[in-house]
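Student: So here's structure_8.pdb (PDB, C-alpha atoms and all ligand atoms).
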```pdb
ATOM      1  CA  LEU J   1      17.621   4.704   3.019  1.00  0.00           C
ATOM      2  CA  GLY J   2      18.829   6.235  -0.252  1.00  0.00           C
ATOM      3  CA  SER J   3      21.841   4.037  -0.912  1.00  0.00           C
ATOM      4  CA  ARG J   4      20.391   0.627  -0.175  1.00  0.00           C
ATOM      5  CA  PHE J   5      17.709   0.808  -2.857  1.00  0.00           C
ATOM      6  CA  ARG J   6      18.506   2.240  -6.261  1.00  0.00           C
ATOM      7  CA  LEU J   7      15.812   4.570  -7.461  1.00  0.00           C
ATOM      8  CA  PRO J   8      13.859   2.972 -10.334  1.00  0.00           C
ATOM      9  CA  GLY J   9      14.451   4.893 -13.586  1.00  0.00           C
ATOM     10  CA  GLU J  10      10.829   5.858 -13.957  1.00  0.00           C
ATOM     11  CA  ARG J  11      10.677   7.304 -10.436  1.00  0.00           C
ATOM     12  CA  LEU J  12      13.887   9.225 -11.019  1.00  0.00           C
ATOM     13  CA  GLN J  13      12.598  10.678 -14.296  1.00  0.00           C
ATOM     14  CA  LEU J  14       9.487  11.890 -12.480  1.00  0.00           C
ATOM     15  CA  LEU J  15      11.579  13.445  -9.703  1.00  0.00           C
ATOM     16  CA  LEU J  16      13.725  15.222 -12.298  1.00  0.00           C
ATOM     17  CA  ARG J  17      10.638  16.490 -14.098  1.00  0.00           C
ATOM     18  CA  ARG J  18       9.029  17.694 -10.888  1.00  0.00           C
ATOM     19  CA  CYS J  19      12.061  19.791  -9.911  1.00  0.00           C
ATOM     20  CA  ARG J  20      12.054  21.429 -13.364  1.00  0.00           C
ATOM     21  CA  GLU J  21       8.343  22.155 -13.053  1.00  0.00           C
ATOM     22  CA  ALA J  22       8.842  23.647  -9.584  1.00  0.00           C
ATOM     23  CA  LYS J  23      11.524  25.956 -11.000  1.00  0.00           C
ATOM     24  CA  ALA J  24       8.866  27.526 -13.220  1.00  0.00           C
ATOM     25  CA  CYS J  25       7.099  28.709 -10.027  1.00  0.00           C
ATOM     26  CA  ALA J  26      10.187  30.372  -8.544  1.00  0.00           C
ATOM     27  CA  TYR J  27       9.545  33.828  -7.111  1.00  0.00           C
ATOM     28  CA  CYS J  28      12.916  35.446  -7.710  1.00  0.00           C
ATOM     29  CA  PRO J  29      12.447  39.027  -8.998  1.00  0.00           C
ATOM     30  CA  TYR J  30      15.659  40.160  -7.251  1.00  0.00           C
ATOM     31  CA  SER J  31      18.175  37.486  -8.215  1.00  0.00           C
ATOM     32  CA  ARG J  32      16.439  36.315 -11.399  1.00  0.00           C
ATOM     33  CA  PHE J  33      17.932  32.936 -10.551  1.00  0.00           C
ATOM     34  CA  PRO J  34      15.071  30.420 -10.480  1.00  0.00           C
ATOM     35  CA  VAL J  35      15.614  27.140  -8.643  1.00  0.00           C
ATOM     36  CA  GLY J  36      13.319  24.132  -8.261  1.00  0.00           C
ATOM     37  CA  ALA J  37      13.607  21.149  -5.941  1.00  0.00           C
ATOM     38  CA  ALA J  38      11.701  17.878  -5.679  1.00  0.00           C
ATOM     39  CA  LEU J  39      11.888  15.687  -2.599  1.00  0.00           C
ATOM     40  CA  LEU J  40      11.026  11.985  -2.665  1.00  0.00           C
ATOM     41  CA  THR J  41       9.761  10.584   0.646  1.00  0.00           C
ATOM     42  CA  ALA J  42      10.320   7.063   1.939  1.00  0.00           C
ATOM     43  CA  GLY J  43       6.658   6.423   1.165  1.00  0.00           C
ATOM     44  CA  GLY J  44       7.112   7.397  -2.473  1.00  0.00           C
ATOM     45  CA  GLU J  45       5.447  10.810  -2.416  1.00  0.00           C
ATOM     46  CA  ILE J  46       7.057  13.835  -4.034  1.00  0.00           C
ATOM     47  CA  PHE J  47       7.055  17.316  -2.520  1.00  0.00           C
ATOM     48  CA  SER J  48       8.391  20.117  -4.673  1.00  0.00           C
ATOM     49  CA  GLY J  49       9.563  23.619  -3.855  1.00  0.00           C
ATOM     50  CA  CYS J  50      10.958  26.771  -5.435  1.00  0.00           C
ATOM     51  CA  ASN J  51      12.939  29.693  -4.134  1.00  0.00           C
ATOM     52  CA  VAL J  52      10.762  32.427  -2.628  1.00  0.00           C
ATOM     53  CA  GLU J  53      12.485  35.801  -2.388  1.00  0.00           C
ATOM     54  CA  ASN J  54      11.422  38.950  -0.556  1.00  0.00           C
ATOM     55  CA  ALA J  55      11.845  42.720  -0.853  1.00  0.00           C
ATOM     56  CA  CYS J  56      13.591  42.343   2.503  1.00  0.00           C
ATOM     57  CA  TYR J  57      16.311  40.346   0.733  1.00  0.00           C
ATOM     58  CA  SER J  58      17.543  38.315   3.687  1.00  0.00           C
ATOM     59  CA  LEU J  59      14.136  36.685   4.123  1.00  0.00           C
ATOM     60  CA  GLY J  60      14.414  34.814   0.835  1.00  0.00           C
ATOM     61  CA  VAL J  61      14.155  31.034   1.110  1.00  0.00           C
ATOM     62  CA  CYS J  62      15.808  28.465  -1.153  1.00  0.00           C
ATOM     63  CA  ALA J  63      13.912  25.882  -3.196  1.00  0.00           C
ATOM     64  CA  GLU J  64      15.385  22.992  -1.199  1.00  0.00           C
ATOM     65  CA  ARG J  65      14.140  24.298   2.125  1.00  0.00           C
ATOM     66  CA  THR J  66      10.737  25.129   0.685  1.00  0.00           C
ATOM     67  CA  ALA J  67      10.359  21.486  -0.375  1.00  0.00           C
ATOM     68  CA  ILE J  68      11.491  20.207   3.032  1.00  0.00           C
ATOM     69  CA  GLN J  69       9.133  22.527   4.940  1.00  0.00           C
ATOM     70  CA  LYS J  70       6.257  21.359   2.759  1.00  0.00           C
ATOM     71  CA  ALA J  71       7.026  17.670   3.352  1.00  0.00           C
ATOM     72  CA  ILE J  72       7.642  17.971   7.090  1.00  0.00           C
ATOM     73  CA  SER J  73       4.522  20.046   7.631  1.00  0.00           C
ATOM     74  CA  GLU J  74       2.473  17.368   5.866  1.00  0.00           C
ATOM     75  CA  GLY J  75       3.831  14.674   8.174  1.00  0.00           C
ATOM     76  CA  HIS J  76       6.746  13.238   6.139  1.00  0.00           C
ATOM     77  CA  THR J  77      10.140  12.966   7.830  1.00  0.00           C
ATOM     78  CA  ARG J  78      11.923  10.140   5.956  1.00  0.00           C
ATOM     79  CA  PHE J  79      13.460  10.991   2.615  1.00  0.00           C
ATOM     80  CA  ARG J  80      15.049   8.981  -0.204  1.00  0.00           C
ATOM     81  CA  ALA J  81      16.220  11.638  -2.609  1.00  0.00           C
ATOM     82  CA  MET J  82      16.054  15.246  -3.722  1.00  0.00           C
ATOM     83  CA  ALA J  83      16.533  16.621  -7.241  1.00  0.00           C
ATOM     84  CA  ILE J  84      17.456  20.247  -7.884  1.00  0.00           C
ATOM     85  CA  ALA J  85      17.161  22.299 -11.091  1.00  0.00           C
ATOM     86  CA  SER J  86      18.328  25.746 -12.143  1.00  0.00           C
ATOM     87  CA  ASP J  87      18.919  27.598 -15.421  1.00  0.00           C
ATOM     88  CA  MET J  88      22.724  27.378 -15.165  1.00  0.00           C
ATOM     89  CA  GLY J  89      23.918  25.713 -18.323  1.00  0.00           C
ATOM     90  CA  THR J  90      27.558  25.363 -17.372  1.00  0.00           C
ATOM     91  CA  GLU J  91      27.374  23.920 -13.846  1.00  0.00           C
ATOM     92  CA  PHE J  92      25.322  21.382 -11.938  1.00  0.00           C
ATOM     93  CA  ILE J  93      23.251  23.294  -9.396  1.00  0.00           C
ATOM     94  CA  VAL J  94      24.400  22.641  -5.819  1.00  0.00           C
ATOM     95  CA  PRO J  95      22.541  23.379  -2.581  1.00  0.00           C
ATOM     96  CA  CYS J  96      23.838  26.169  -0.352  1.00  0.00           C
ATOM     97  CA  GLY J  97      25.396  25.371   3.009  1.00  0.00           C
ATOM     98  CA  ALA J  98      22.289  26.296   4.982  1.00  0.00           C
ATOM     99  CA  CYS J  99      20.157  23.920   2.921  1.00  0.00           C
ATOM    100  CA  ARG J 100      22.702  21.120   3.310  1.00  0.00           C
ATOM    101  CA  GLN J 101      22.415  21.427   7.086  1.00  0.00           C
ATOM    102  CA  VAL J 102      18.611  21.463   6.983  1.00  0.00           C
ATOM    103  CA  MET J 103      18.657  18.395   4.715  1.00  0.00           C
ATOM    104  CA  ARG J 104      21.112  16.622   7.013  1.00  0.00           C
ATOM    105  CA  GLU J 105      18.686  16.977   9.935  1.00  0.00           C
ATOM    106  CA  PHE J 106      16.735  14.173   8.287  1.00  0.00           C
ATOM    107  CA  GLY J 107      19.629  11.774   7.757  1.00  0.00           C
ATOM    108  CA  LYS J 108      22.876  11.718   5.823  1.00  0.00           C
ATOM    109  CA  ASP J 109      22.385   8.562   3.773  1.00  0.00           C
ATOM    110  CA  TRP J 110      20.184   9.891   1.019  1.00  0.00           C
ATOM    111  CA  ASP J 111      20.773  11.026  -2.522  1.00  0.00           C
ATOM    112  CA  VAL J 112      20.868  14.491  -4.031  1.00  0.00           C
ATOM    113  CA  TYR J 113      20.539  14.784  -7.828  1.00  0.00           C
ATOM    114  CA  LEU J 114      22.260  17.908  -9.130  1.00  0.00           C
ATOM    115  CA  THR J 115      21.046  18.770 -12.618  1.00  0.00           C
ATOM    116  CA  LYS J 116      21.711  20.981 -15.631  1.00  0.00           C
ATOM    117  CA  PRO J 117      19.015  22.318 -17.961  1.00  0.00           C
ATOM    118  CA  ASP J 118      20.083  19.854 -20.675  1.00  0.00           C
ATOM    119  CA  GLY J 119      18.831  17.001 -18.474  1.00  0.00           C
ATOM    120  CA  THR J 120      22.233  15.705 -17.380  1.00  0.00           C
ATOM    121  CA  TYR J 121      22.820  15.131 -13.678  1.00  0.00           C
ATOM    122  CA  ILE J 122      25.261  13.918 -11.072  1.00  0.00           C
ATOM    123  CA  VAL J 123      24.221  12.286  -7.815  1.00  0.00           C
ATOM    124  CA  LYS J 124      25.831  12.856  -4.426  1.00  0.00           C
ATOM    125  CA  LYS J 125      25.132  11.466  -0.983  1.00  0.00           C
ATOM    126  CA  LEU J 126      24.224  14.081   1.571  1.00  0.00           C
ATOM    127  CA  ASP J 127      27.219  12.856   3.563  1.00  0.00           C
ATOM    128  CA  GLU J 128      29.456  13.830   0.611  1.00  0.00           C
ATOM    129  CA  LEU J 129      27.884  17.263   0.327  1.00  0.00           C
ATOM    130  CA  LEU J 130      28.219  17.902   4.058  1.00  0.00           C
ATOM    131  CA  PRO J 131      31.030  15.811   5.532  1.00  0.00           C
ATOM    132  CA  LEU J 132      31.755  15.745   9.281  1.00  0.00           C
ATOM    133  CA  SER J 133      28.264  17.081   9.862  1.00  0.00           C
ATOM    134  CA  PHE J 134      26.523  17.920  13.106  1.00  0.00           C
ATOM    135  CA  GLY J 135      23.120  16.324  13.541  1.00  0.00           C
ATOM    136  CA  PRO J 136      20.381  15.478  16.002  1.00  0.00           C
ATOM    137  CA  GLU J 137      22.253  12.405  17.313  1.00  0.00           C
ATOM    138  CA  ASP J 138      25.129  14.599  18.499  1.00  0.00           C
ATOM    139  CA  LEU J 139      22.901  16.410  20.970  1.00  0.00           C
ATOM    140  CA  LYS J 140      22.617  13.175  22.949  1.00  0.00           C
ATOM    141  CA  LYS J 141      26.390  12.712  23.268  1.00  0.00           C
ATOM    142  CA  ALA J 142      27.274  15.579  25.581  1.00  0.00           C
TER     143      ALA J 142
HETATM  144  N1  LIG J 201      18.945  29.296  -4.433  1.00  0.00           N
HETATM  145  C1  LIG J 201      18.198  28.171  -4.224  1.00  0.00           C
HETATM  146  O1  LIG J 201      16.974  28.239  -4.089  1.00  0.00           O
HETATM  147  N2  LIG J 201      18.843  26.984  -4.173  1.00  0.00           N
HETATM  148  C2  LIG J 201      20.162  26.803  -4.440  1.00  0.00           C
HETATM  149  O2  LIG J 201      20.616  25.684  -4.474  1.00  0.00           O
HETATM  150  C3  LIG J 201      21.023  27.977  -4.672  1.00  0.00           C
HETATM  151  C4  LIG J 201      20.388  29.289  -4.530  1.00  0.00           C
HETATM  152  C5  LIG J 201      18.245  30.576  -4.578  1.00  0.00           C
HETATM  153  C6  LIG J 201      18.379  31.531  -3.452  1.00  0.00           C
HETATM  154  C7  LIG J 201      18.088  32.833  -4.160  1.00  0.00           C
HETATM  155  O3  LIG J 201      16.681  33.003  -4.257  1.00  0.00           O
HETATM  156  C8  LIG J 201      18.631  32.635  -5.552  1.00  0.00           C
HETATM  157  O4  LIG J 201      18.732  31.234  -5.730  1.00  0.00           O
HETATM  158  C9  LIG J 201      19.986  33.271  -5.788  1.00  0.00           C
HETATM  159  O5  LIG J 201      20.872  32.890  -4.808  1.00  0.00           O
END
```
Render the structure in this file as structure tokens.
Ligand code: THU
Tutor:
Amino acid sequence: LGSRFRLPGERLQLLLRRCREAKACAYCPYSRFPVGAALLTAGGEIFSGCNVENACYSLGVCAERTAIQKAISEGHTRFRAMAIASDMGTEFIVPCGACRQVMREFGKDWDVYLTKPDGTYIVKKLDELLPLSFGPEDLKKA
């Protein structure tokens, strides 16, 4: 879905803005590492998310999964792109392995925009971020 239609510039700018805005809501008193994500559905809606940490550290949830849970629980299962923002000036923010697997559940042909605070970004296909992945189709092959 992602690769066949290039995201119009205006839509992309909005997605990039929404992930920055979501970062401002991050609840991260332990890591002090705010992250924001914005997920564009096939229907053109945007669901954003931030990381939500917990005093029981291991219960913390990443921004990417927060956005996916929000979209899925509102009835959206087809995604075109996700943009991710953090405060790291030197590196493009990348999703953790757990988030890559959760994203891959909903297809591997969509785009992930990895950003820096200065507004620059690189874009990767989910299939590039998680090659040789295991997904729902594989369960039918055994
Ligand atoms: N985090 C995210 O939300 N997304 C990422 O892509 C990387 C890490 C969060 C998890 C934790 O709350 C904090 O950043 C430090 O790892």
Student: On this structure, the PyMOL selection byres (((chain J and resi 90) around 12) and not hetatm) would catch which residues? List them as a PDB file with C-alpha atoms, keeping the file's coordinate frame, sorted by chain and number.
Tutor:
```
ATOM      1  CA  SER J  86      18.328  25.746 -12.143  1.00  0.00           C
ATOM      2  CA  ASP J  87      18.919  27.598 -15.421  1.00  0.00           C
ATOM      3  CA  MET J  88      22.724  27.378 -15.165  1.00  0.00           C
ATOM      4  CA  GLY J  89      23.918  25.713 -18.323  1.00  0.00           C
ATOM      5  CA  GLU J  91      27.374  23.920 -13.846  1.00  0.00           C
ATOM      6  CA  PHE J  92      25.322  21.382 -11.938  1.00  0.00           C
ATOM      7  CA  ILE J  93      23.251  23.294  -9.396  1.00  0.00           C
ATOM      8  CA  THR J 115      21.046  18.770 -12.618  1.00  0.00           C
ATOM      9  CA  LYS J 116      21.711  20.981 -15.631  1.00  0.00           C
ATOM     10  CA  PRO J 117      19.015  22.318 -17.961  1.00  0.00           C
ATOM     11  CA  ASP J 118      20.083  19.854 -20.675  1.00  0.00           C
ATOM     12  CA  THR J 120      22.233  15.705 -17.380  1.00  0.00           C
ATOM     13  CA  TYR J 121      22.820  15.131 -13.678  1.00  0.00           C
TER      14      TYR J 121
END
```
Student: Output as a Markdown table one row per residue of chain J within 10 Å of ligand LIG 201 (chain J): the closest atom pair and its distance in Å to one decimal place, counting all atoms listed in the file, sorted by chain and residue number ascending.
Tutor:
```
| residue | atom | partner | partner_atom | distance |
| --- | --- | --- | --- | --- |
| J:Lys23 | CA | J:LIG201 | O1 | 9.1 |
| J:Ala26 | CA | J:LIG201 | O3 | 8.2 |
| J:Tyr27 | CA | J:LIG201 | O3 | 7.7 |
| J:Cys28 | CA | J:LIG201 | O3 | 5.7 |
| J:Pro29 | CA | J:LIG201 | O3 | 8.8 |
| J:Tyr30 | CA | J:LIG201 | O3 | 7.8 |
| J:Ser31 | CA | J:LIG201 | C9 | 5.2 |
| J:Arg32 | CA | J:LIG201 | C8 | 7.2 |
| J:Phe33 | CA | J:LIG201 | C8 | 5.1 |
| J:Pro34 | CA | J:LIG201 | O4 | 6.1 |
| J:Val35 | CA | J:LIG201 | O1 | 4.9 |
| J:Gly36 | CA | J:LIG201 | O1 | 6.9 |
| J:Ala37 | CA | J:LIG201 | N2 | 8.0 |
| J:Gly49 | CA | J:LIG201 | O1 | 8.7 |
| J:Cys50 | CA | J:LIG201 | O1 | 6.3 |
| J:Asn51 | CA | J:LIG201 | O1 | 4.3 |
| J:Val52 | CA | J:LIG201 | O3 | 6.2 |
| J:Glu53 | CA | J:LIG201 | O3 | 5.4 |
| J:Asn54 | CA | J:LIG201 | O3 | 8.8 |
| J:Tyr57 | CA | J:LIG201 | O3 | 8.9 |
| J:Ser58 | CA | J:LIG201 | C7 | 9.6 |
| J:Leu59 | CA | J:LIG201 | O3 | 9.5 |
| J:Gly60 | CA | J:LIG201 | O3 | 5.9 |
| J:Val61 | CA | J:LIG201 | C6 | 6.2 |
| J:Cys62 | CA | J:LIG201 | O1 | 3.2 |
| J:Ala63 | CA | J:LIG201 | O1 | 4.0 |
| J:Glu64 | CA | J:LIG201 | N2 | 6.1 |
| J:Arg65 | CA | J:LIG201 | O1 | 7.9 |
| J:Thr66 | CA | J:LIG201 | O1 | 8.4 |
| J:Ile84 | CA | J:LIG201 | O2 | 7.2 |
| J:Ala85 | CA | J:LIG201 | O2 | 8.2 |
| J:Ser86 | CA | J:LIG201 | C2 | 8.0 |
| J:Phe92 | CA | J:LIG201 | O2 | 9.8 |
| J:Ile93 | CA | J:LIG201 | O2 | 6.1 |
| J:Val94 | CA | J:LIG201 | O2 | 5.0 |
| J:Pro95 | CA | J:LIG201 | O2 | 3.5 |
| J:Cys96 | CA | J:LIG201 | O2 | 5.3 |
| J:Gly97 | CA | J:LIG201 | O2 | 8.9 |
| J:Ala98 | CA | J:LIG201 | O2 | 9.6 |
| J:Cys99 | CA | J:LIG201 | O2 | 7.6 |
| J:Arg100 | CA | J:LIG201 | O2 | 9.3 |
| J:Leu114 | CA | J:LIG201 | O2 | 9.2 |
```
Student: Please write as a PyMOL selection string the full residue list that the PyMOL selection byres (((chain J and resi 110) around 12) and not hetatm) yields on this file.
Tutor: chain J and resi 1-7+39-42+78-83+100+103-109+111-113+123-130
Student: Hey, can you check how far atom CA of Gly135 of chain J sits from atom CA of Arg11 of chain J?
Tutor: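 Calculated distance between atom CA of Gly135 of chain J and atom CA of Arg11 of chain J is 28.5 Å.
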Student: Measure the distance from atom CA of Ile72 of chain J to atom CA of Leu132 of chain J in Å and round it to one decimal.
Tutor: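 So the answer is 24.3 Å.
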Student: So what do you get for atom CA of Ala22 of chain J versus atom CA of Lys70 of chain J, distance-wise?
Tutor: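 Atom CA of Ala22 of chain J sits 12.8 Å away from atom CA of Lys70 of chain J.
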Student: Between J:Ser133, J:Cys19, J:Leu12, J:Leu139, which is the closest to Gln101 of chain J once you count only C-alpha atoms?
Tutor: J:Ser133
Student: Which is closest to Glu21 of chain J among J:Glu74, J:Pro136, J:Pro8, J:Ala38, if we use only C-alpha atoms?
Tutor: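 Among the listed residues, J:Ala38 lies closest to Glu21 of chain J.
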Student: Got a minute to add N, CA, C and O atoms to segment 27-38 of chain J and dump it as an mmCIF file, in the coordinates of the input?
Tutor:
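Below is the file that was written, out.cif:
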```cif
data_model
loop_
_atom_site.group_PDB
_atom_site.id
_atom_site.type_symbol
_atom_site.label_atom_id
_atom_site.label_comp_id
_atom_site.auth_asym_id
_atom_site.auth_seq_id
_atom_site.Cartn_x
_atom_site.Cartn_y
_atom_site.Cartn_z
ATOM 1 N N TYR J 27 9.791 32.392 -7.289
ATOM 2 C CA TYR J 27 9.545 33.828 -7.111
ATOM 3 C C TYR J 27 10.902 34.455 -6.815
ATOM 4 O O TYR J 27 11.390 34.420 -5.679
ATOM 5 N N CYS J 28 11.539 34.971 -7.861
ATOM 6 C CA CYS J 28 12.916 35.446 -7.710
ATOM 7 C C CYS J 28 13.133 36.744 -8.502
ATOM 8 O O CYS J 28 14.049 36.811 -9.334
ATOM 9 N N PRO J 29 12.311 37.780 -8.234
ATOM 10 C CA PRO J 29 12.447 39.027 -8.998
ATOM 11 C C PRO J 29 13.759 39.749 -8.722
ATOM 12 O O PRO J 29 14.157 40.595 -9.523
ATOM 13 N N TYR J 30 14.437 39.427 -7.630
ATOM 14 C CA TYR J 30 15.659 40.160 -7.251
ATOM 15 C C TYR J 30 16.891 39.490 -7.845
ATOM 16 O O TYR J 30 17.720 40.144 -8.476
ATOM 17 N N SER J 31 17.007 38.183 -7.675
ATOM 18 C CA SER J 31 18.175 37.486 -8.215
ATOM 19 C C SER J 31 17.976 37.069 -9.677
ATOM 20 O O SER J 31 18.948 36.876 -10.399
ATOM 21 N N ARG J 32 16.748 36.896 -10.083
ATOM 22 C CA ARG J 32 16.439 36.315 -11.399
ATOM 23 C C ARG J 32 17.204 35.003 -11.600
ATOM 24 O O ARG J 32 17.755 34.736 -12.679
ATOM 25 N N PHE J 33 17.238 34.233 -10.536
ATOM 26 C CA PHE J 33 17.932 32.936 -10.551
ATOM 27 C C PHE J 33 16.939 31.879 -10.044
ATOM 28 O O PHE J 33 16.927 31.527 -8.862
ATOM 29 N N PRO J 34 16.084 31.384 -10.929
ATOM 30 C CA PRO J 34 15.071 30.420 -10.480
ATOM 31 C C PRO J 34 15.676 29.054 -10.147
ATOM 32 O O PRO J 34 16.567 28.570 -10.858
ATOM 33 N N VAL J 35 15.183 28.472 -9.067
ATOM 34 C CA VAL J 35 15.614 27.140 -8.643
ATOM 35 C C VAL J 35 14.367 26.331 -8.287
ATOM 36 O O VAL J 35 13.406 26.865 -7.730
ATOM 37 N N GLY J 36 14.399 25.045 -8.637
ATOM 38 C CA GLY J 36 13.319 24.132 -8.261
ATOM 39 C C GLY J 36 13.906 22.917 -7.581
ATOM 40 O O GLY J 36 15.021 22.492 -7.906
ATOM 41 N N ALA J 37 13.165 22.361 -6.636
ATOM 42 C CA ALA J 37 13.607 21.149 -5.941
ATOM 43 C C ALA J 37 12.431 20.187 -5.853
ATOM 44 O O ALA J 37 11.274 20.611 -5.810
ATOM 45 N N ALA J 38 12.739 18.889 -5.863
ATOM 46 C CA ALA J 38 11.701 17.878 -5.679
ATOM 47 C C ALA J 38 12.250 16.823 -4.727
ATOM 48 O O ALA J 38 13.362 16.318 -4.913
#
```
